[in-house]
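Heads up: the structure comes next, in structure tokens.
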Amino acid sequence: MEVAVLDIKGKETGRKVTLSDAVFGVEPNEHAIYLDVKQYLANQRQGTHKAKERAEITGSTRKIKKQKGTGTARAGSIKSPIFKGGGRVFGPRPRNYGFKLNKSLKKLARKSALSQKAKNNEVLVVENLEFDSAKTKNFISLLQGLGIEGKKSLFVLSESNNNVYLSSRNLKAAEVVTASELNTYKILHSNNIVFVEGSLEGVESNLSK
């Protein structure tokens, strides 16, 4: 699949790049995508939630009423979950929600997500991405030139660029990552993916191994 290379103003340079079929042309595997996104979201959870159970509640341990003759159910502690202020039954405890996935499955998920974007013509390639200073208006001008202003966009750089990152930081709909930080969730969460031409080689190399 060929994609036109654009300059920083969104105009065609007259050149085209060929996207690797091994990365951008595979048959999407929906289950692999599901598992990879599920793992990413699970890893974002702190897992620090905690509720007190009856053994941890502060309260009297005396038997609150006699065993028989009241006409009601037996009750041995004011800390019982059936009473107001009692402990919670099977309440949440601190835990780690993460789980393991094979590297090959994670690669398949990323290739599947990229292939979906390429099929929907949501992949753009820019020749270069350099800003003289960190200014939000520079990044807004870039979005306007590419015709994706107001849309969720993911910019993939070959290496970290502080000026580009700081220029995009105030824009909720735009995110800048390096090729090594690219993951399935970020790909699917964006409406358009903009690759700097130099980053394509790194992405294709990482996912073709």
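The way I read the labels, and the way they are meant: chains A, B, ... in the order of the structure tokens, residue 1 as the first residue of every chain, and ligand 1 as the first ligand shown, with later ones counted on from there.
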
- [ ] Please provide the set of residues having any atom within 8 Å of region 56-63 of chain A, restricted to only C-alpha atoms, with same-chain residues fewer than 6 positions apart removed, written as a VMD selection string.
- [x] chain A and resid 75 to 79 86 to 87

- [ ] Name the residues of region 152-201 of chain A that fall into strand (DSSP E or B) according to DSSP on the backbone, using the chain letters and numbers of this document, as a ChimeraX atom specification.
- [x] /A:153-157,174-178,192-196

- [ ] Using only C-alpha atoms, determine which residues lie at most 9 Å from region 148-151 of chain A, disregarding the query and same-chain residues fewer than 6 positions distant; provide the list as a list in words.
- [x]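 The neighbour list is Ile140, Ser141, Leu142, Ala173, Ala174, Ser190, Asn191 and Asn192 of chain A.
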
Counting only C-alpha atoms, what is within 9 Å of Pro94 (chain A), bar same-chain residues fewer than 2 positions away, as a compact mmCIF listing (two decimals) with C-alpha atoms, in the first residue's frame?
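Contents of the output file around11.txt:
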# COMPACT_ATOMS: atom_id res chain seq x y z
CA GLN A 46 -3.95 1.09 40.86
CA GLY A 47 -5.68 -1.75 42.67
CA THR A 48 -5.49 0.09 46.01
CA HIS A 49 -9.20 -0.19 46.83
CA LYS A 50 -10.03 -1.54 50.30
CA PRO A 92 -12.45 -5.34 47.70
CA ASN A 96 -2.69 -6.36 40.98

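Using only C-alpha atoms, the nearest neighbour of Leu182 (chain A) within the list A:Arg45, A:Lys16, A:Lys111, A:Arg88 is A:Lys111.
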
Open item on the list: For a quick check of understanding, using only C-alpha atoms, which of A:Asn138, A:Asn162, A:Gln144, A:Asn120 has the smallest distance to Phe24 (chain A)?
Closed with: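 Nearest candidate to Phe24 (chain A) out of A:Asn138, A:Asn162, A:Gln144, A:Asn120: A:Asn120.
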
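With distances restricted to only C-alpha atoms, A:Val5 is the closest residue to Val17 (chain A) from A:Asn161, A:Phe195, A:Val5, A:Arg93.
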
Open item on the list: Which residues are close to Glu30 (chain A), i.e. within 10 Å by only C-alpha atoms, leaving aside same-chain residues fewer than 2 positions away? Reply as JSON, numbers by chain.
Closed with: {"A": [27, 28, 32, 33, 34, 35, 108, 109, 112, 113]}

Would you mind exporting the chosen residues as a tab-separated table (two decimals), in the first residue's frame, restricted to N, CA and C atoms?
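Output file selection_21.tsv is given in full below:
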chain	number	residue	atom	x	y	z
A	27	GLU	N	-4.59	-9.62	8.06
A	27	GLU	CA	-6.00	-9.82	8.40
A	27	GLU	C	-6.16	-9.55	9.90
A	28	PRO	N	-6.94	-8.54	10.28
A	28	PRO	CA	-7.04	-8.17	11.70
A	28	PRO	C	-7.57	-9.32	12.56
A	32	ALA	N	-7.08	-10.88	19.49
A	32	ALA	CA	-5.76	-10.40	19.91
A	32	ALA	C	-5.83	-8.94	20.31
A	33	ILE	N	-6.57	-8.14	19.53
A	33	ILE	CA	-6.75	-6.72	19.85
A	33	ILE	C	-7.44	-6.58	21.20
A	34	TYR	N	-8.49	-7.36	21.41
A	34	TYR	CA	-9.24	-7.32	22.67
A	34	TYR	C	-8.34	-7.61	23.87
A	35	LEU	N	-7.54	-8.66	23.76
A	35	LEU	CA	-6.68	-9.06	24.88
A	35	LEU	C	-5.61	-8.00	25.18
A	108	LEU	N	0.87	-9.19	17.08
A	108	LEU	CA	-0.26	-9.44	16.18
A	108	LEU	C	-1.36	-8.41	16.42
A	109	ALA	N	-1.59	-8.05	17.68
A	109	ALA	CA	-2.62	-7.06	18.01
A	109	ALA	C	-2.27	-5.70	17.42
A	112	SER	N	-2.65	-5.79	13.68
A	112	SER	CA	-4.07	-5.82	13.34
A	112	SER	C	-4.67	-4.42	13.43
A	113	ALA	N	-4.31	-3.69	14.49
A	113	ALA	CA	-4.83	-2.33	14.66
A	113	ALA	C	-4.32	-1.40	13.57

Task: Neighbour list for Val3 (chain A) as a list in words, cut-off 9 Å, only C-alpha atoms, skip fewer than 4 positions in-chain - done: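 Listed by chain and then number, they are Arg15, Lys16, Val17, Thr18, Leu19, Val123, Leu124 and Val125 of chain A.
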